[in-house]
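J.: Can you keep this structure in mind? I'll have questions shortly.
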Amino acid sequence: MHALIQGVILGVLTAGVFALMASGQTLIFGIMKVVNLAQGAMVILGAYLSYQLFTSFGLDPFLAIPVTTVIMFALGVAVQWLFLRPLKKDDRSELSLLITFAVALLIEGVMSITWHTTYRSINTGYANSSWSLFGYQITLVRLWAFLLSLAALGLLYLLLNHTRFGRAVRATVQNPESAKLLGIEADRVSALGFGLGAATAAAAGSVYGLLYPFNSGSHYDLISKLLSIVILGGLGSVGGAVLGAVIVSTSSAVVAATISPAWSEMTFFVILIAILLVRPQGIFGTTVRGAL
Amino acid sequence: MTRLRGAGPIAFFAVLASLPSFNLAHWTINLLIFTLMFAVMSSAWNLVGGFAGYPSLGHAAFFGIGAYAEALWFSHHPVSSGYEPFLLLPAIGLLAVVIGLPVGAVAMRTRTDVFAIVTITLLFVVQGLAFNLHGITGGSQGLAIPPAPFPAATYDRPFYYVLVGLLALAMAVTFAAMRSKVGLSLAALRGDEDKARGIGIRVTGVKLLAFAVSVGLTAMVGAVWAYYEGFIYPQFAVDPLITIAMVLMTFLGGRATLWGPVLGAFILESAQQYLAYQLGGSQVYLIAYALVFLLIMLLLPRGILPTVQDQIRRRRRRQALDSGSPTLTQPANAAATAGGGQA
Amino acid sequence: MKWNKYSKTTWQAAVAACALALTASGCASGSDTAATGQRNGPLVIGASVSLTGDFADSGKAVQRGYQLWADSVNAKGGLLGRKVEFKIVDDLSSPTQVITNYQNLINQDHVDLVFGPFSSLLTVPASQVAKRYGYAFLEPAGGGPQVFAQHLNNLFFVQPAPSVRAGDVFAKWVLSLPADKRPRTAAYAELDDPFAGPIAESIRTAFEAAGIKTVYKQVYPAETADLSPVMSGIAAAHPDVLVSGTQNNDAYAQVKSLVQLKFSPKFVFMSNGANSPLEFPDKVGAANTSGIMSSGDWYPSSTAAGSAEFAAAYVKKYGGTAQQIDNSSAEAYACGQLLADVAKKAGKIDNATIIKSLHSGSWPTLLGDLGWNADGAPTSSFSLVQWQGGKLLPVYPAAAAQSAPVYPKPNWGG
């Protein structure tokens, strides 16, 4: 029982950072119908940037976030403009899978040259602090990570619901054709949307780097988890991504704590397949795939 | 054209079959073996990903199933003549078909992007099982297959001929599919599945057939690979990059064509093996690879063969126009070309 | 989940076409026998190591060791008057590429000798190719059970003992303690990996036979980023000794997690990761290393044959300090030392001579004296090393010890 509850605590705290990564990915899908296989690589790049700022300037990862998100936003816009915009509409969904995979490899290649393949971790002064609450361990770093992820998700929510850009995004997600009729430039929304997805990856990366050691190849582990989360929640739904992240993180932490870490990753793949059998569109996905 | 279509494959396989008798260096045959493996697998992937339009990213799972089936069988049975592992191939292909049918039936309820993700999930489940079922698979310790007792001088040849045979099989299946009602049905469902169902095509049956045959062929290659390697580990036997290679080769050569995947495999795999050896250690590998990948997708989104064919047709048409041949037939030709490029 | 990250190489399709043309036309001159090379030309040694991909960092360390030995032997006039040259190629950490590479080295480039790659995963397929063509196979980094299960007489693993036996020295030391000082309960946290896990398992067998009770055991997969569930299970079981079958990263994660849980066992042994002189204190904090044990075959203060010369040459060529030298470089260098010794003893150097010579007697290297059984498994043992005052020191067996073992382990530094 103790192990179970400890697992749930850990799972929920970890869910925050995955919800952040997945919300960016699902947003990109919602706007452009592109499954971004480079999201994991962008998260790791964000972690490296944050690592570099910490080791060179002593900048705390949490304070580094404004810097890394701006850099990654620009990168996201560039990727969309250079590689995705030229695709023809009919084969976009197939080709974009391959294109974003190639982008992931490109980012991995650059990272392995810049930072080599040894694992890096960001060791802040508070990295080892923890509290004991009714016999359950809560580490400071995890709590911080969780709160920060919530804050970033909150910002994203405000951006989508209370700005002109947000309205344009939501209109595009719901119906690209009528959005065009309303005078929304699809290309611009796509570019900014991809940038926004990359920016959430950067924020998530800073948090991720604080929690786990990473190297240039770590994005492979991330992407399979991220894909499960967004499919589980329903592609294109930010709320679904958050729920998916909670389900995935909690189930794998609980299985790791109670059965064995060896089966923990398999758990959410099995959940995913089970859900797809019942609801091929995911929990929150609709057949028109849209609602934010 | 029709006459040439028959001559091409015959010449190609005649050359392939006679290559070892030129007393090729071992490293050349070794290179050809890996190239042929990918040529067979890309052709197999093409049946599902090219003709049916279902971009499976889970084929490496079946490659692994074939590899493990081979290794498991021969951890309990002796290898004496060295040919037994090859004789087991049809059974392994059949096993993959049997596993592939229900898997395909579930996965193919979803379309393109979701299908891709579901199949890659399948791949991770199979890899996870290979790691975790220690009692059967040996887990991370891997499984050994007894080395073949072939003499060093001609060690590689049996592997080579078996793969040439598998390639012939894969291409024959593709050719038959293109020439039969199955091919038409696949093209129809690739275009618009709901419409295809509407006009009475047995969509589910046809796409499942394509999936089953495709994974069966892939598993047989996996078995040959396992025997050639002599030792298999979960992370190498069930490797997502194997899937990615199949996809990329098919895209490079040309989806839904007979020769496209073969061309793609010959270019990419032989280049990779050979250049990695020659230029080893250069850190820019991954970047160069990714850039070439991107360029192919952006400049030749339909692949080499369809693009080149279009160019030739266009030039012929222009020549025909220049020489003042009757222009009346041209629109009909052009329409046929446009349709033929994809189907 | 695990992705095998070997980078596929593809340059332009044009270059690819050239490669194909080469393949098709330029290779009708096959040769089936291992060329012995010209007597007066340089002695060419081929090796495939991982310069890219998963094993890249260790692969490069191996490359440095090979190269360093070649430099030092050439500075002394070469081997039997022949200059030593390495042809080192990249295998992308892929078991497929490694076969291609040894095929090419042996049959295309006709190298005189070959040395091994990094990791047992690549050593197994590579050693089969070497065996097929009658090449001796000295390999510094493939010590898993699968390697020796092949029963190859041409293979020699250049480390003191097979990988799974690396921790036996810890069991031996613990069981040499007086009964009242020995631990009574033990916990095991093992990485699911061909080398790390079995080291802990071998210790567990010895401990259980001696009556040390197993109170916790967990195997975790390589991609487990978060070890806190495992470590909280261990803290709850409260064992006297923690035996960790670790690789590198997971060792750091285990220590960090234990510090956060404020649980400090009396004895901690970690198979790998804790024996890296620079990374370990950097990752877990120097104050937290105190008292942690591991095992090793080479350390900067070693007095074994050629050790000081190696360390000095390394620092001269690659910079840094002796503390920064990766063991893999020392092990790779030892392969070269063995060649030089064989050459000196036999007065000639070829594959048959190497195989015949190394199968008998004991050979001094910077890893200590080495000898092999018929399958190429080395027959000596590792040393027990412990972190004391921020330094990694050999503490057992007494012959190699530079300090006495400290136990129980001091509390975490925080």
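All residue names refer to the structure tokens as shown: chains lettered A, B, ... in order, residues numbered from 1 in each chain, ligands numbered from 1 in order.
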Could you give me, as a list in words, the residues within 7 Å of range 293-308 of chain B, counting only C-alpha atoms and dropping anything in the same chain fewer than 6 positions from it?

T.: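 The contact residues come out as Ile99 and Ala102 of chain A; Phe251, Leu252, Gly253, Gly254, Arg255, Gly260 and Gly341 of chain B.
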
J.: Write out as a list in words each polymer residue whose atoms come within 8 Å of range 207-213 of chain C, counting only C-alpha atoms; drop sequence neighbours fewer than 6 positions from it.

T.: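 Here the qualifying residues turn out to be Ala171, Leu175, Pro183, Arg184, Thr185 and Ala186 of chain C.
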
J.: May I have the residues within 10 Å of Val247 in chain B as a list in words, using only C-alpha atoms and disregarding those fewer than 3 positions away in the same chain?

T.: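 Once the nearby chain positions are removed, what remains is Leu98 of chain A; Met41, Ser42, Ser43, Trp45, Asn46, Gly49, Gly50, Pro55, Ser56, Leu57, His59, Leu241, Ile242, Thr243, Ile244, Thr250, Phe251, Leu252, Arg255, Pro261 and Gly264 of chain B.
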
J.: Any idea which chain B residues end up within 9 Å of chain A if we count only C-alpha atoms, as a CSV table (one decimal) with N, CA and C atoms, in the first residue's frame please?

T.:
```
chain,number,residue,atom,x,y,z
B,53,GLY,N,-1.3,2.2,-48.7
B,53,GLY,CA,-1.3,3.5,-48.1
B,53,GLY,C,-1.4,3.5,-46.6
B,55,PRO,N,1.1,3.5,-43.6
B,55,PRO,CA,2.5,3.6,-43.3
B,55,PRO,C,2.8,2.9,-42.0
B,106,VAL,N,-6.7,-5.4,-35.8
B,106,VAL,CA,-6.9,-4.3,-34.8
B,106,VAL,C,-6.3,-3.0,-35.3
B,107,ALA,N,-5.0,-3.0,-35.7
B,107,ALA,CA,-4.3,-1.8,-36.0
B,107,ALA,C,-5.0,-1.1,-37.2
B,109,ARG,N,-7.8,-0.7,-38.0
B,109,ARG,CA,-9.1,0.1,-37.7
B,109,ARG,C,-8.7,1.6,-37.7
B,110,THR,N,-7.5,1.9,-37.6
B,110,THR,CA,-7.1,3.3,-37.6
B,110,THR,C,-6.4,3.7,-38.9
B,112,THR,N,-3.8,6.4,-41.4
B,112,THR,CA,-2.5,6.9,-41.6
B,112,THR,C,-1.7,7.3,-40.3
B,113,ASP,N,-1.9,8.5,-39.8
B,113,ASP,CA,-0.9,8.9,-38.7
B,113,ASP,C,-1.2,8.1,-37.4
B,114,VAL,N,-2.4,7.8,-37.1
B,114,VAL,CA,-2.7,7.0,-35.9
B,114,VAL,C,-2.2,5.6,-36.1
B,116,ALA,N,0.3,4.7,-37.9
B,116,ALA,CA,1.8,4.7,-37.8
B,116,ALA,C,2.1,4.6,-36.3
B,117,ILE,N,1.4,5.4,-35.5
B,117,ILE,CA,1.8,5.4,-34.1
B,117,ILE,C,1.4,4.1,-33.4
B,118,VAL,N,0.2,3.5,-33.7
B,118,VAL,CA,-0.2,2.2,-33.2
B,118,VAL,C,0.9,1.2,-33.5
B,120,ILE,N,4.0,1.6,-34.2
B,120,ILE,CA,5.3,1.7,-33.5
B,120,ILE,C,5.2,1.3,-32.1
B,121,THR,N,4.0,1.5,-31.5
B,121,THR,CA,3.7,1.0,-30.2
B,121,THR,C,3.8,-0.5,-30.1
B,122,LEU,N,3.3,-1.2,-31.1
B,122,LEU,CA,3.4,-2.6,-31.2
B,122,LEU,C,4.9,-3.0,-31.2
B,124,PHE,N,7.4,-1.5,-29.8
B,124,PHE,CA,7.9,-1.3,-28.4
B,124,PHE,C,7.4,-2.4,-27.5
B,125,VAL,N,6.2,-2.9,-27.7
B,125,VAL,CA,5.6,-4.0,-26.9
B,125,VAL,C,6.5,-5.2,-27.2
B,128,GLY,N,9.8,-4.9,-25.6
B,128,GLY,CA,9.7,-5.0,-24.2
B,128,GLY,C,9.6,-6.5,-23.8
B,129,LEU,N,8.8,-7.2,-24.6
B,129,LEU,CA,8.6,-8.7,-24.3
B,129,LEU,C,9.9,-9.4,-24.4
B,131,PHE,N,12.8,-8.3,-24.0
B,131,PHE,CA,13.7,-7.9,-22.8
B,131,PHE,C,13.2,-8.6,-21.6
B,132,ASN,N,11.9,-8.7,-21.4
B,132,ASN,CA,11.3,-9.1,-20.1
B,132,ASN,C,11.0,-10.6,-19.9
B,244,ILE,N,12.5,2.3,-40.0
B,244,ILE,CA,12.7,3.6,-40.7
B,244,ILE,C,13.5,3.4,-42.0
B,247,VAL,N,11.1,2.3,-44.7
B,247,VAL,CA,10.3,3.3,-45.2
B,247,VAL,C,11.0,4.3,-46.1
B,248,LEU,N,12.2,4.6,-45.6
B,248,LEU,CA,13.0,5.6,-46.4
B,248,LEU,C,13.4,5.1,-47.7
B,283,GLN,N,32.0,12.7,-37.5
B,283,GLN,CA,30.9,13.0,-36.6
B,283,GLN,C,29.6,13.6,-37.4
B,284,VAL,N,29.8,14.0,-38.6
B,284,VAL,CA,28.7,14.6,-39.3
B,284,VAL,C,27.8,13.6,-40.0
B,285,TYR,N,28.0,12.3,-39.8
B,285,TYR,CA,27.1,11.3,-40.3
B,285,TYR,C,25.7,11.6,-40.2
B,286,LEU,N,25.3,11.7,-38.9
B,286,LEU,CA,23.9,11.8,-38.6
B,286,LEU,C,23.3,13.1,-39.3
B,287,ILE,N,24.0,14.1,-39.2
B,287,ILE,CA,23.6,15.4,-39.8
B,287,ILE,C,23.4,15.2,-41.4
B,288,ALA,N,24.5,14.6,-42.0
B,288,ALA,CA,24.4,14.4,-43.4
B,288,ALA,C,23.3,13.5,-43.8
B,289,TYR,N,23.1,12.5,-43.0
B,289,TYR,CA,22.0,11.6,-43.3
B,289,TYR,C,20.6,12.3,-43.2
B,290,ALA,N,20.5,13.1,-42.1
B,290,ALA,CA,19.2,13.8,-42.0
B,290,ALA,C,19.0,14.8,-43.1
B,291,LEU,N,20.0,15.4,-43.5
B,291,LEU,CA,19.9,16.4,-44.6
B,291,LEU,C,19.5,15.8,-45.9
B,292,VAL,N,20.2,14.6,-46.2
B,292,VAL,CA,19.8,13.9,-47.5
B,292,VAL,C,18.3,13.5,-47.4
B,293,PHE,N,18.0,13.0,-46.2
B,293,PHE,CA,16.6,12.5,-45.9
B,293,PHE,C,15.6,13.7,-46.3
B,294,LEU,N,15.9,14.9,-45.7
B,294,LEU,CA,15.1,16.0,-45.9
B,294,LEU,C,15.0,16.4,-47.4
B,297,MET,N,12.8,14.1,-49.4
B,297,MET,CA,11.4,14.3,-49.1
B,297,MET,C,10.9,15.6,-49.8
B,298,LEU,N,11.7,16.6,-49.8
B,298,LEU,CA,11.3,17.9,-50.3
B,298,LEU,C,11.4,18.0,-51.9
B,301,PRO,N,9.3,14.1,-53.6
B,301,PRO,CA,8.4,13.5,-52.6
B,301,PRO,C,7.8,12.2,-53.1
```

J.: Any idea which chain A residues end up within 8 Å of chain C if we count only C-alpha atoms, as a VMD selection string please?

T.: chain A and resid 3 6 to 7 116 to 119 121 123 128 to 130 137 139 212 to 213 217 220 to 221 224 253 256 to 257 260 to 262 265

J.: Dump N, CA and C atoms for the selected residues as a PDB file, in the first residue's frame?

T.:
```
ATOM      1  N   ALA A   3       3.888   1.506  -1.051  1.00  0.00           N
ATOM      2  CA  ALA A   3       4.542   1.622  -2.345  1.00  0.00           C
ATOM      3  C   ALA A   3       3.570   2.176  -3.384  1.00  0.00           C
ATOM      4  N   GLN A   6       3.071   5.921  -2.749  1.00  0.00           N
ATOM      5  CA  GLN A   6       4.301   6.608  -3.161  1.00  0.00           C
ATOM      6  C   GLN A   6       4.371   6.688  -4.691  1.00  0.00           C
ATOM      7  N   GLY A   7       3.966   5.604  -5.333  1.00  0.00           N
ATOM      8  CA  GLY A   7       3.944   5.565  -6.801  1.00  0.00           C
ATOM      9  C   GLY A   7       2.996   6.595  -7.377  1.00  0.00           C
ATOM     10  N   HIS A 116      28.559  15.872 -27.099  1.00  0.00           N
ATOM     11  CA  HIS A 116      28.973  14.463 -27.050  1.00  0.00           C
ATOM     12  C   HIS A 116      27.847  13.558 -26.543  1.00  0.00           C
ATOM     13  N   THR A 117      28.169  12.296 -26.319  1.00  0.00           N
ATOM     14  CA  THR A 117      27.077  11.398 -25.953  1.00  0.00           C
ATOM     15  C   THR A 117      27.062  11.020 -24.476  1.00  0.00           C
ATOM     16  N   THR A 118      27.966  11.590 -23.679  1.00  0.00           N
ATOM     17  CA  THR A 118      27.883  11.297 -22.240  1.00  0.00           C
ATOM     18  C   THR A 118      26.621  11.926 -21.667  1.00  0.00           C
ATOM     19  N   TYR A 119      26.071  11.262 -20.675  1.00  0.00           N
ATOM     20  CA  TYR A 119      24.872  11.793 -20.043  1.00  0.00           C
ATOM     21  C   TYR A 119      25.193  13.058 -19.260  1.00  0.00           C
ATOM     22  N   SER A 121      23.592  16.024 -16.488  1.00  0.00           N
ATOM     23  CA  SER A 121      22.485  16.343 -15.600  1.00  0.00           C
ATOM     24  C   SER A 121      22.751  17.695 -14.986  1.00  0.00           C
ATOM     25  N   ASN A 123      22.837  19.760 -11.886  1.00  0.00           N
ATOM     26  CA  ASN A 123      22.877  19.568 -10.439  1.00  0.00           C
ATOM     27  C   ASN A 123      22.800  20.899  -9.706  1.00  0.00           C
ATOM     28  N   ASN A 128      19.194  17.622  -4.145  1.00  0.00           N
ATOM     29  CA  ASN A 128      19.052  16.466  -3.267  1.00  0.00           C
ATOM     30  C   ASN A 128      18.136  16.705  -2.065  1.00  0.00           C
ATOM     31  N   SER A 129      17.497  17.898  -2.000  1.00  0.00           N
ATOM     32  CA  SER A 129      16.637  18.164  -0.845  1.00  0.00           C
ATOM     33  C   SER A 129      15.318  17.414  -0.976  1.00  0.00           C
ATOM     34  N   SER A 130      14.809  16.972   0.148  1.00  0.00           N
ATOM     35  CA  SER A 130      13.512  16.302   0.116  1.00  0.00           C
ATOM     36  C   SER A 130      12.808  16.478   1.447  1.00  0.00           C
ATOM     37  N   GLN A 137       8.066  10.240   0.637  1.00  0.00           N
ATOM     38  CA  GLN A 137       9.126  11.157   0.240  1.00  0.00           C
ATOM     39  C   GLN A 137       8.657  12.071  -0.885  1.00  0.00           C
ATOM     40  N   THR A 139      10.441  15.008  -3.161  1.00  0.00           N
ATOM     41  CA  THR A 139      11.669  15.756  -3.364  1.00  0.00           C
ATOM     42  C   THR A 139      11.321  17.160  -3.837  1.00  0.00           C
ATOM     43  N   TYR A 212      15.969  14.443 -14.748  1.00  0.00           N
ATOM     44  CA  TYR A 212      16.613  13.225 -15.236  1.00  0.00           C
ATOM     45  C   TYR A 212      17.911  13.546 -15.952  1.00  0.00           C
ATOM     46  N   PRO A 213      18.863  12.593 -15.908  1.00  0.00           N
ATOM     47  CA  PRO A 213      20.033  12.734 -16.783  1.00  0.00           C
ATOM     48  C   PRO A 213      19.607  12.478 -18.222  1.00  0.00           C
ATOM     49  N   GLY A 217      20.680  10.928 -27.365  1.00  0.00           N
ATOM     50  CA  GLY A 217      19.771   9.883 -27.816  1.00  0.00           C
ATOM     51  C   GLY A 217      18.502   9.760 -26.969  1.00  0.00           C
ATOM     52  N   TYR A 220      14.575   9.431 -28.137  1.00  0.00           N
ATOM     53  CA  TYR A 220      13.861   8.227 -28.586  1.00  0.00           C
ATOM     54  C   TYR A 220      12.949   7.692 -27.492  1.00  0.00           C
ATOM     55  N   ASP A 221      13.440   7.716 -26.256  1.00  0.00           N
ATOM     56  CA  ASP A 221      12.617   7.247 -25.152  1.00  0.00           C
ATOM     57  C   ASP A 221      11.418   8.161 -24.946  1.00  0.00           C
ATOM     58  N   SER A 224       8.295   7.964 -27.812  1.00  0.00           N
ATOM     59  CA  SER A 224       7.296   6.894 -27.745  1.00  0.00           C
ATOM     60  C   SER A 224       6.297   7.163 -26.624  1.00  0.00           C
ATOM     61  N   ALA A 253       4.485   4.749 -12.974  1.00  0.00           N
ATOM     62  CA  ALA A 253       5.134   4.862 -11.661  1.00  0.00           C
ATOM     63  C   ALA A 253       4.583   3.814 -10.697  1.00  0.00           C
ATOM     64  N   ALA A 256       5.982   0.465 -11.625  1.00  0.00           N
ATOM     65  CA  ALA A 256       7.396   0.410 -11.250  1.00  0.00           C
ATOM     66  C   ALA A 256       7.544   0.175  -9.751  1.00  0.00           C
ATOM     67  N   ALA A 257       6.689   0.830  -8.961  1.00  0.00           N
ATOM     68  CA  ALA A 257       6.831   0.733  -7.512  1.00  0.00           C
ATOM     69  C   ALA A 257       6.294  -0.581  -6.979  1.00  0.00           C
ATOM     70  N   SER A 260       7.392  -4.124 -11.082  1.00  0.00           N
ATOM     71  CA  SER A 260       8.794  -4.032 -11.463  1.00  0.00           C
ATOM     72  C   SER A 260       8.954  -2.936 -12.498  1.00  0.00           C
ATOM     73  N   PRO A 261      10.069  -2.196 -12.433  1.00  0.00           N
ATOM     74  CA  PRO A 261      10.291  -1.163 -13.448  1.00  0.00           C
ATOM     75  C   PRO A 261      10.332  -1.758 -14.850  1.00  0.00           C
ATOM     76  N   ALA A 262      10.645  -3.049 -14.932  1.00  0.00           N
ATOM     77  CA  ALA A 262      10.771  -3.674 -16.237  1.00  0.00           C
ATOM     78  C   ALA A 262       9.439  -3.659 -16.995  1.00  0.00           C
ATOM     79  N   GLU A 265       6.990   0.515 -18.570  1.00  0.00           N
ATOM     80  CA  GLU A 265       6.776   1.184 -19.859  1.00  0.00           C
ATOM     81  C   GLU A 265       5.760   0.420 -20.702  1.00  0.00           C
TER      82      GLU A 265
END
```

J.: Would you tabulate, counting only C-alpha atoms, all residues of chain B that have an atom at most 6 Å from an atom of chain C, showing the closest pair of atoms and their distance in Å to one decimal, sorted by chain then ascending number, as JSON lines?

T.:
```
{"residue": "B:Asn23", "atom": "CA", "partner": "C:Gly30", "partner_atom": "CA", "distance": 5.8}
{"residue": "B:Leu24", "atom": "CA", "partner": "C:Ala28", "partner_atom": "CA", "distance": 5.0}
{"residue": "B:Ala25", "atom": "CA", "partner": "C:Gly30", "partner_atom": "CA", "distance": 3.7}
{"residue": "B:Trp27", "atom": "CA", "partner": "C:Gln103", "partner_atom": "CA", "distance": 5.2}
{"residue": "B:Ser140", "atom": "CA", "partner": "C:Asp193", "partner_atom": "CA", "distance": 5.3}
{"residue": "B:Gln141", "atom": "CA", "partner": "C:Pro194", "partner_atom": "CA", "distance": 4.8}
{"residue": "B:Ala152", "atom": "CA", "partner": "C:Arg132", "partner_atom": "CA", "distance": 5.7}
{"residue": "B:Ala153", "atom": "CA", "partner": "C:Asp32", "partner_atom": "CA", "distance": 5.6}
{"residue": "B:Glu229", "atom": "CA", "partner": "C:Pro125", "partner_atom": "CA", "distance": 5.9}
{"residue": "B:Ile267", "atom": "CA", "partner": "C:Ala16", "partner_atom": "CA", "distance": 5.7}
{"residue": "B:Ala271", "atom": "CA", "partner": "C:Ala16", "partner_atom": "CA", "distance": 4.8}
{"residue": "B:Gln272", "atom": "CA", "partner": "C:Thr9", "partner_atom": "CA", "distance": 4.6}
{"residue": "B:Tyr277", "atom": "CA", "partner": "C:Val89", "partner_atom": "CA", "distance": 5.9}
{"residue": "B:Gly280", "atom": "CA", "partner": "C:Asp90", "partner_atom": "CA", "distance": 4.5}
{"residue": "B:Gly281", "atom": "CA", "partner": "C:Leu51", "partner_atom": "CA", "distance": 5.1}
{"residue": "B:Tyr285", "atom": "CA", "partner": "C:Thr9", "partner_atom": "CA", "distance": 5.6}
{"residue": "B:Leu286", "atom": "CA", "partner": "C:Ser7", "partner_atom": "CA", "distance": 5.4}
{"residue": "B:Tyr289", "atom": "CA", "partner": "C:Thr10", "partner_atom": "CA", "distance": 5.0}
```

J.: Next, write the just-selected residues to a file, as an mmCIF file, in the first residue's frame, keeping N, CA and C atoms as the atom set.

T.:
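Written file, result.cif:
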```
data_model
loop_
_atom_site.group_PDB
_atom_site.id
_atom_site.type_symbol
_atom_site.label_atom_id
_atom_site.label_comp_id
_atom_site.auth_asym_id
_atom_site.auth_seq_id
_atom_site.Cartn_x
_atom_site.Cartn_y
_atom_site.Cartn_z
ATOM 1 N N ASN B 23 33.821 -14.979 -58.447
ATOM 2 C CA ASN B 23 34.803 -15.019 -57.373
ATOM 3 C C ASN B 23 34.955 -13.665 -56.688
ATOM 4 N N LEU B 24 33.811 -13.091 -56.374
ATOM 5 C CA LEU B 24 33.817 -11.787 -55.715
ATOM 6 C C LEU B 24 34.496 -11.873 -54.351
ATOM 7 N N ALA B 25 35.087 -10.768 -53.933
ATOM 8 C CA ALA B 25 35.689 -10.730 -52.600
ATOM 9 C C ALA B 25 34.595 -10.888 -51.554
ATOM 10 N N TRP B 27 34.046 -9.389 -48.830
ATOM 11 C CA TRP B 27 33.407 -8.182 -48.310
ATOM 12 C C TRP B 27 32.335 -7.682 -49.262
ATOM 13 N N SER B 140 18.027 -9.539 -21.796
ATOM 14 C CA SER B 140 19.114 -8.715 -22.325
ATOM 15 C C SER B 140 20.374 -9.530 -22.591
ATOM 16 N N GLN B 141 20.413 -10.781 -22.102
ATOM 17 C CA GLN B 141 21.589 -11.620 -22.358
ATOM 18 C C GLN B 141 21.623 -12.105 -23.794
ATOM 19 N N ALA B 152 35.129 -21.425 -44.979
ATOM 20 C CA ALA B 152 35.379 -19.984 -44.995
ATOM 21 C C ALA B 152 35.356 -19.419 -46.404
ATOM 22 N N ALA B 153 35.843 -20.217 -47.375
ATOM 23 C CA ALA B 153 35.976 -19.695 -48.732
ATOM 24 C C ALA B 153 34.620 -19.347 -49.355
ATOM 25 N N GLU B 229 24.080 -13.187 -38.202
ATOM 26 C CA GLU B 229 24.724 -12.510 -37.072
ATOM 27 C C GLU B 229 25.272 -13.508 -36.053
ATOM 28 N N ILE B 267 20.645 1.700 -53.248
ATOM 29 C CA ILE B 267 21.361 2.966 -53.073
ATOM 30 C C ILE B 267 21.713 3.180 -51.601
ATOM 31 N N ALA B 271 25.385 2.078 -49.825
ATOM 32 C CA ALA B 271 26.119 3.317 -49.575
ATOM 33 C C ALA B 271 26.440 3.450 -48.092
ATOM 34 N N GLN B 272 25.453 3.121 -47.264
ATOM 35 C CA GLN B 272 25.669 3.274 -45.826
ATOM 36 C C GLN B 272 26.782 2.344 -45.338
ATOM 37 N N TYR B 277 32.256 2.463 -43.623
ATOM 38 C CA TYR B 277 33.566 1.836 -43.493
ATOM 39 C C TYR B 277 34.662 2.775 -43.975
ATOM 40 N N GLY B 280 34.664 6.252 -41.905
ATOM 41 C CA GLY B 280 34.264 6.042 -40.517
ATOM 42 C C GLY B 280 34.682 7.138 -39.557
ATOM 43 N N GLY B 281 33.850 7.333 -38.565
ATOM 44 C CA GLY B 281 34.251 8.192 -37.480
ATOM 45 C C GLY B 281 33.936 9.656 -37.668
ATOM 46 N N TYR B 285 28.025 12.323 -39.753
ATOM 47 C CA TYR B 285 27.134 11.291 -40.281
ATOM 48 C C TYR B 285 25.664 11.598 -40.152
ATOM 49 N N LEU B 286 25.267 11.735 -38.892
ATOM 50 C CA LEU B 286 23.856 11.842 -38.577
ATOM 51 C C LEU B 286 23.276 13.078 -39.260
ATOM 52 N N TYR B 289 23.067 12.496 -42.996
ATOM 53 C CA TYR B 289 21.970 11.569 -43.254
ATOM 54 C C TYR B 289 20.634 12.307 -43.193
#
```

J.: Near range 89-100 of chain B, counting only C-alpha atoms, which residues have an atom at most 12 Å away, once you skip same-chain residues fewer than 2 positions from it, shown as a PyMOL selection string?

T.: chain B and resi 58-73+83-87+102-108+119+122+126+162-163+165-166+169+207-227

J.: Compile the contact shell of range 163-167 of chain A as a PyMOL selection string: residues with an atom at most 12 Å away, counting only C-alpha atoms, same-chain residues fewer than 5 positions apart removed.

T.: chain A and resi 27+31+155-158+172-174+179+182+184-186+188-193+196+292

J.: As a PyMOL selection string, please: all residues of range 138-338 of chain C that backbone DSSP puts in alpha helix (DSSP H).

T.: chain C and resi 145-148+168-176+196-209+228-237+249-261+279-284+307-318+327-338

J.: At what distance in Å, to one decimal, does CA of Phe18 in chain A lie from CA of Leu226 in chain A?

T.: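 Taking CA of Leu226 in chain A and CA of Phe18 in chain A, their separation equals 7.3 Å.
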
J.: Please identify all polymer residues within 10 Å of range 206-208 of chain A, counting only C-alpha atoms, omitting same-chain residues fewer than 6 positions from it, and present them as a PyMOL selection string.

T.: chain A and resi 14+16-18+20-21+43-51+60-65+68-69+121-122+141-142+144-146+148-149+214

J.: Calculated over only C-alpha atoms, which of the candidates C:Trp173, C:Tyr333, C:Phe137, C:Tyr66 has the smallest distance to Ile354 in chain C?

T.: C:Phe137

J.: Could you jot down the CA of Ser294 in chain C to CA of Val385 in chain C separation for me, Å, one decimal place?

T.: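 Distance reported for this atom pair: 5.3 Å.
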
J.: Write out as a PyMOL selection string the residues lying within 7 Å of Gly195 in chain A, counting only C-alpha atoms and excluding same-chain residues fewer than 2 positions away.

T.: chain A and resi 73-77+191-193+197-199
